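Chemist: The structure that follows is given in the form of structure tokens.
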Amino acid sequence: MPTAPSQRVAVGALAVGTAVMSGIYAPQPLLAEIAREFGRSAFEANLVVSTTTLGIALGVFPMAAMAARFGRGRSVALGLALATLLTGLTATVSGWEMLVAVRFLAGIASSAVLVAAIAWTTAVVDRAAAARVAAMYVAGTTAGGILGRVLSGVVADAFGWRWGLLAVDAALLIAAVIGLALIVRAARRPEPHPSPASTPVAFGSRTLRWRLYALGGLGTAVFVGVFNALTFRMTEPPFSLSLTAVSLLFLTYLAGTFSSMRTGAIIERWGARGAAALGTVLALVGVLITLASTLWAVIVGLLVLAAGFFIVHATASGLVPRMIATPTTGSAWYTLFYYGGSSVGALAMGLAWDIARWPAVAGLGGVLCVAMIAVASSLPSRRSSLLP
């Protein structure tokens, strides 16, 4: 049974995950509004999101080194403080170049949290409670992604996109303070030095890791890119949705929350190859469904896309740490590819939208899904072959 300190850490981890992810993607439903104010194209507007994820990708290894030197708790606290400051600055800057630069710095600050949060929170509880704490953090990142997108869109619809970001910033600050207070209160022992995992997979392990990295990068390129372009499509005829309505479309992420929770059982039954292939096929089907010109069909397509993507993401991200003697390094590489793919995908989908609207976006998404199917089919068929 979880102890009171471990319960506090679990709730704190949930709050930290909510805080960091709410700030990363808060501008996503506001891209069309931002583009209109600054007179920018969809491709240029996507820089507001893609430079953030690029900052995360580039900051992963430096922030991991900082956490190792100064402590994971300090790294998480500093990262959240800077992310809060920079999200607030995003809402106040008046120049386009400064806006893009601030979002890039926000990504670097967020990477300090992403590389250290799970290691820190699980280190301050008993081994039996570690899995629960890690799961709560992941649940928090999902909740934060939804909170940031929905809250910014709803408030922006009434008061403008800058107030939408300020509302998210306030929520980020509250969640960060609560999370840090709960975890620090429960922490009573120094952080242990990270220990190597057991012997890594000897045969083909390096090749296998690169395949998993590729799955994460390609998957997030499709997922984030499609949702970014969607914010432009849904504000135009025949949909002509308000910012509130567009932001509510991000609730389809909940399908991914459910599917990621079931991924372990899918791997047990069908192996990593089967799980990754299933997720990729679902993602492809979801992208194709969005070609329809009715709102309900688009919603169904997004639900299927989210469910499929998170199966792929949960499969790849969960297996990477088992493929290397230093799990933190493996996770850092996966994070690099994951957010690098998000950055490139957002820009590519924005360019596709500028060139030929949604058919080009869906076509590019389909091509990337086919590439994912090829990678997934090369994974070992049985789960046992992936473990040390």
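Labels used: A, B, ... for chains in the order of the structure tokens, numbers from 1 for residues in each chain, and numbers from 1 for ligands as shown.
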So which residues of segment 70-103 of chain A fall under alpha helix (DSSP H) by DSSP, listed as a VMD selection string?
Modeler: chain A and resid 70 72 to 90 96 to 103
Chemist: Considering only C-alpha atoms, tabulate each residue of segment 13-125 of chain A that lies at most 7 Å from segment 168-182 of chain A along with its nearest interatomic pair and the corresponding distance in Å to one decimal; arrange the rows by chain and ascending residue number and present them as a Markdown table.
Modeler:
| residue | atom | partner | partner_atom | distance |
| --- | --- | --- | --- | --- |
| A:Ala13 | CA | A:Gly179 | CA | 6.2 |
| A:Ala15 | CA | A:Gly179 | CA | 4.8 |
| A:Val16 | CA | A:Gly179 | CA | 5.2 |
| A:Thr18 | CA | A:Ala175 | CA | 6.9 |
| A:Ala19 | CA | A:Leu172 | CA | 4.5 |
| A:Ser22 | CA | A:Leu172 | CA | 6.6 |
| A:Gly23 | CA | A:Leu172 | CA | 6.7 |
| A:Ala26 | CA | A:Val168 | CA | 6.9 |
| A:Leu80 | CA | A:Ala176 | CA | 6.6 |
| A:Thr84 | CA | A:Asp169 | CA | 6.0 |
| A:Thr87 | CA | A:Asp169 | CA | 6.0 |
| A:Gly88 | CA | A:Asp169 | CA | 6.0 |
Chemist: Using only C-alpha atoms, determine which residues lie at most 7 Å from Asp354 of chain A, disregarding the query and same-chain residues fewer than 3 positions distant; provide the list as a PDB file with N, CA and C atoms, in the first residue's frame.
Modeler:
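The new file result-v1.pdb reads:
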ATOM      1  N   ALA A  42       1.298  30.154 -42.768  1.00  0.00           N
ATOM      2  CA  ALA A  42       1.187  29.004 -41.871  1.00  0.00           C
ATOM      3  C   ALA A  42       2.561  28.409 -41.575  1.00  0.00           C
ATOM      4  N   PHE A  43       3.420  28.353 -42.598  1.00  0.00           N
ATOM      5  CA  PHE A  43       4.773  27.826 -42.401  1.00  0.00           C
ATOM      6  C   PHE A  43       5.524  28.633 -41.355  1.00  0.00           C
ATOM      7  N   GLY A 350       3.120  22.713 -42.169  1.00  0.00           N
ATOM      8  CA  GLY A 350       2.743  24.098 -42.442  1.00  0.00           C
ATOM      9  C   GLY A 350       3.024  24.485 -43.880  1.00  0.00           C
ATOM     10  N   LEU A 351       4.165  24.044 -44.393  1.00  0.00           N
ATOM     11  CA  LEU A 351       4.494  24.319 -45.791  1.00  0.00           C
ATOM     12  C   LEU A 351       3.519  23.603 -46.719  1.00  0.00           C
ATOM     13  N   ARG A 357      -3.136  23.141 -49.249  1.00  0.00           N
ATOM     14  CA  ARG A 357      -4.142  22.939 -48.220  1.00  0.00           C
ATOM     15  C   ARG A 357      -4.195  21.488 -47.717  1.00  0.00           C
TER      16      ARG A 357
END
Chemist: Residues at most 8 Å from segment 286-293 of chain A, counting only C-alpha atoms, excluding those fewer than 3 positions away in the same chain, as a PyMOL selection string?
Modeler: chain A and resi 238+282-283+297-305+358-359+362+365-366
Chemist: Just checking: using only C-alpha atoms, which residue out of A:Thr280, A:Gln7, A:Thr257, A:Asn46 ends up closest to Gly140 of chain A?
Modeler: A:Thr257
Chemist: For each of A:Ile34, A:Leu165, A:Val93, A:Phe227, take the minimum atom-to-atom distance to Leu151 of chain A, counting only C-alpha atoms, then give the residue where this is smallest.
Modeler: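 The closest residue to Leu151 of chain A is A:Leu165.
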Chemist: Neighbours of Leu212 of chain A within 12 Å (only C-alpha atoms; same-chain residues fewer than 4 positions away dropped), as a PyMOL selection string?
Modeler: chain A and resi 205-208+216-219+272-273+276+312-323+330-331+333-335+337-338+372+375-380+386
Chemist: Let me see the file: selected residues, N, CA, C and O atoms, as a short mmCIF file (atom, residue, chain, number, x, y, z; two decimals), in the first residue's frame.
Modeler:
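Written file, again.cif:
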data_model
loop_
_atom_site.label_atom_id
_atom_site.label_comp_id
_atom_site.auth_asym_id
_atom_site.auth_seq_id
_atom_site.Cartn_x
_atom_site.Cartn_y
_atom_site.Cartn_z
N SER A 205 21.41 -4.56 -30.84
CA SER A 205 20.79 -3.60 -29.94
C SER A 205 20.93 -2.17 -30.45
O SER A 205 20.00 -1.38 -30.35
N ARG A 206 22.11 -1.82 -30.99
CA ARG A 206 22.29 -0.46 -31.47
C ARG A 206 21.38 -0.18 -32.66
O ARG A 206 20.72 0.86 -32.72
N THR A 207 21.29 -1.10 -33.58
CA THR A 207 20.39 -0.94 -34.72
C THR A 207 18.94 -0.84 -34.26
O THR A 207 18.17 -0.03 -34.76
N LEU A 208 18.60 -1.66 -33.29
CA LEU A 208 17.24 -1.66 -32.77
C LEU A 208 16.91 -0.32 -32.12
O LEU A 208 15.81 0.22 -32.31
N GLY A 216 9.79 7.12 -33.02
CA GLY A 216 9.37 8.27 -32.24
C GLY A 216 9.41 9.56 -33.05
O GLY A 216 8.48 10.37 -33.00
N GLY A 217 10.47 9.75 -33.82
CA GLY A 217 10.61 10.97 -34.61
C GLY A 217 9.58 11.07 -35.71
O GLY A 217 8.95 12.12 -35.91
N LEU A 218 9.38 9.99 -36.46
CA LEU A 218 8.40 9.99 -37.54
C LEU A 218 6.98 10.13 -36.98
O LEU A 218 6.15 10.86 -37.54
N GLY A 219 6.71 9.44 -35.88
CA GLY A 219 5.37 9.48 -35.31
C GLY A 219 4.98 10.87 -34.84
O GLY A 219 3.88 11.35 -35.14
N ALA A 272 6.47 -6.30 -29.86
CA ALA A 272 6.73 -4.91 -30.21
C ALA A 272 6.41 -4.62 -31.67
O ALA A 272 5.88 -3.56 -32.01
N ARG A 273 6.74 -5.56 -32.55
CA ARG A 273 6.44 -5.35 -33.97
C ARG A 273 4.94 -5.20 -34.18
O ARG A 273 4.49 -4.29 -34.89
N ALA A 276 3.69 -1.77 -32.64
CA ALA A 276 4.09 -0.61 -33.45
C ALA A 276 3.35 -0.59 -34.77
O ALA A 276 2.93 0.47 -35.25
N VAL A 312 2.31 3.73 -30.64
CA VAL A 312 3.68 3.74 -31.17
C VAL A 312 4.63 4.40 -30.18
O VAL A 312 5.71 3.86 -29.88
N HIS A 313 4.24 5.55 -29.66
CA HIS A 313 5.10 6.30 -28.74
C HIS A 313 5.35 5.51 -27.45
O HIS A 313 6.49 5.42 -26.97
N ALA A 314 4.30 4.92 -26.89
CA ALA A 314 4.46 4.14 -25.66
C ALA A 314 5.34 2.92 -25.89
O ALA A 314 6.16 2.55 -25.03
N THR A 315 5.20 2.29 -27.04
CA THR A 315 6.02 1.12 -27.36
C THR A 315 7.50 1.50 -27.47
O THR A 315 8.36 0.90 -26.82
N ALA A 316 7.79 2.53 -28.26
CA ALA A 316 9.18 2.91 -28.50
C ALA A 316 9.84 3.49 -27.26
O ALA A 316 10.94 3.08 -26.87
N SER A 317 9.16 4.45 -26.61
CA SER A 317 9.77 5.11 -25.45
C SER A 317 9.93 4.15 -24.27
O SER A 317 10.86 4.30 -23.48
N GLY A 318 9.04 3.19 -24.16
CA GLY A 318 9.15 2.24 -23.06
C GLY A 318 10.25 1.22 -23.24
O GLY A 318 10.81 0.72 -22.26
N LEU A 319 10.60 0.91 -24.49
CA LEU A 319 11.61 -0.11 -24.76
C LEU A 319 13.02 0.45 -24.84
O LEU A 319 13.99 -0.25 -24.54
N VAL A 320 13.16 1.71 -25.21
CA VAL A 320 14.49 2.29 -25.39
C VAL A 320 15.37 2.15 -24.16
O VAL A 320 16.55 1.74 -24.27
N PRO A 321 14.89 2.48 -22.94
CA PRO A 321 15.78 2.37 -21.77
C PRO A 321 16.29 0.96 -21.53
O PRO A 321 17.32 0.77 -20.88
N ARG A 322 15.59 -0.05 -22.03
CA ARG A 322 16.02 -1.44 -21.83
C ARG A 322 17.06 -1.87 -22.86
O ARG A 322 17.60 -2.96 -22.77
N MET A 323 17.31 -1.01 -23.82
CA MET A 323 18.22 -1.37 -24.90
C MET A 323 19.64 -0.88 -24.69
O MET A 323 20.49 -1.00 -25.58
N GLY A 330 19.80 6.59 -23.20
CA GLY A 330 18.86 6.12 -24.21
C GLY A 330 17.62 6.98 -24.28
O GLY A 330 17.15 7.35 -25.37
N SER A 331 17.09 7.35 -23.12
CA SER A 331 15.91 8.21 -23.09
C SER A 331 16.22 9.60 -23.65
O SER A 331 15.37 10.22 -24.31
N TRP A 333 18.42 10.31 -26.00
CA TRP A 333 18.44 10.18 -27.46
C TRP A 333 17.02 10.10 -28.02
O TRP A 333 16.72 10.71 -29.06
N TYR A 334 16.17 9.33 -27.37
CA TYR A 334 14.80 9.22 -27.85
C TYR A 334 14.11 10.58 -27.79
O TYR A 334 13.40 10.96 -28.73
N THR A 335 14.31 11.32 -26.69
CA THR A 335 13.72 12.65 -26.57
C THR A 335 14.21 13.58 -27.68
O THR A 335 13.44 14.38 -28.23
N PHE A 337 15.18 12.75 -30.76
CA PHE A 337 14.50 12.41 -32.00
C PHE A 337 13.01 12.77 -31.94
O PHE A 337 12.43 13.22 -32.93
N TYR A 338 12.42 12.55 -30.79
CA TYR A 338 10.98 12.79 -30.63
C TYR A 338 10.65 14.26 -30.87
O TYR A 338 9.77 14.60 -31.68
N MET A 372 6.85 4.71 -41.38
CA MET A 372 6.78 4.13 -40.04
C MET A 372 6.44 2.65 -40.10
O MET A 372 6.95 1.84 -39.32
N VAL A 375 9.53 0.74 -40.83
CA VAL A 375 10.40 0.62 -39.66
C VAL A 375 9.81 -0.37 -38.65
O VAL A 375 10.51 -1.22 -38.11
N ALA A 376 8.50 -0.26 -38.41
CA ALA A 376 7.86 -1.15 -37.44
C ALA A 376 7.98 -2.61 -37.86
O ALA A 376 8.18 -3.49 -37.02
N SER A 377 7.88 -2.87 -39.15
CA SER A 377 7.95 -4.26 -39.63
C SER A 377 9.34 -4.87 -39.45
O SER A 377 9.49 -6.09 -39.51
N SER A 378 10.35 -4.03 -39.20
CA SER A 378 11.71 -4.53 -39.01
C SER A 378 12.03 -4.84 -37.56
O SER A 378 13.11 -5.35 -37.26
N LEU A 379 11.09 -4.54 -36.64
CA LEU A 379 11.33 -4.84 -35.23
C LEU A 379 11.19 -6.34 -34.97
O LEU A 379 10.51 -7.04 -35.71
N PRO A 380 11.84 -6.83 -33.92
CA PRO A 380 11.66 -8.24 -33.55
C PRO A 380 10.20 -8.54 -33.28
O PRO A 380 9.46 -7.67 -32.79
N LEU A 386 13.38 -8.37 -27.11
CA LEU A 386 13.75 -6.98 -26.91
C LEU A 386 14.34 -6.71 -25.53
O LEU A 386 14.78 -5.64 -25.22
#
Chemist: Kindly give the distance, in Å, that separates atom CA of Gly153 of chain A and atom CA of Ser247 of chain A, rounded to a single decimal.
Modeler: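 Atom-to-atom, atom CA of Gly153 of chain A to atom CA of Ser247 of chain A, that is 5.0 Å.
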Chemist: For Gly79 of chain A, please output as a VMD selection string all residues within 9 Å (counting only C-alpha atoms; exclusion window: fewer than 3 positions along the same chain).
Modeler: chain A and resid 20 74 to 76 82 to 84 106 108 to 114
Chemist: Would you mind listing what lies within 8 Å of Ala45 of chain A as a tab-separated table (two decimals) with C-alpha atoms, in the first residue's frame, with only C-alpha atoms counted and same-chain residues fewer than 6 positions away left out?
Modeler:
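Output (around_14.tsv):
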chain	number	residue	atom	x	y	z
A	31	LEU	CA	-1.34	29.71	-34.56
A	32	ALA	CA	-3.90	31.04	-37.04
A	34	ILE	CA	-0.91	34.71	-34.29
A	35	ALA	CA	-0.28	34.44	-38.03
Chemist: So what do you get for atom CA of Gly341 of chain A versus atom CA of Leu368 of chain A, distance-wise?
Modeler: 11.0 Å
Chemist: Figure out the distance between atom CA of Val60 of chain A and atom CA of Val100 of chain A, please, to one decimal in Å.
Modeler: 19.3 Å
Chemist: Under the rule that only C-alpha atoms are counted, which of A:Tyr137, A:Trp353, A:Phe239, A:Trp210 is the nearest residue to Met21 of chain A?
Modeler: A:Tyr137
Chemist: Using only C-alpha atoms, can you tell me which of A:Val115, A:Val150, A:Leu47, A:Ala277 comes closest to Met349 of chain A?
Modeler: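 Looking at the shortest contact to Met349 of chain A, the residue is A:Leu47.
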Chemist: Considering only C-alpha atoms, can you say which of A:Val155, A:Met136, A:Thr244, A:Ile373 comes closest to Gly274 of chain A?
Modeler: A:Ile373
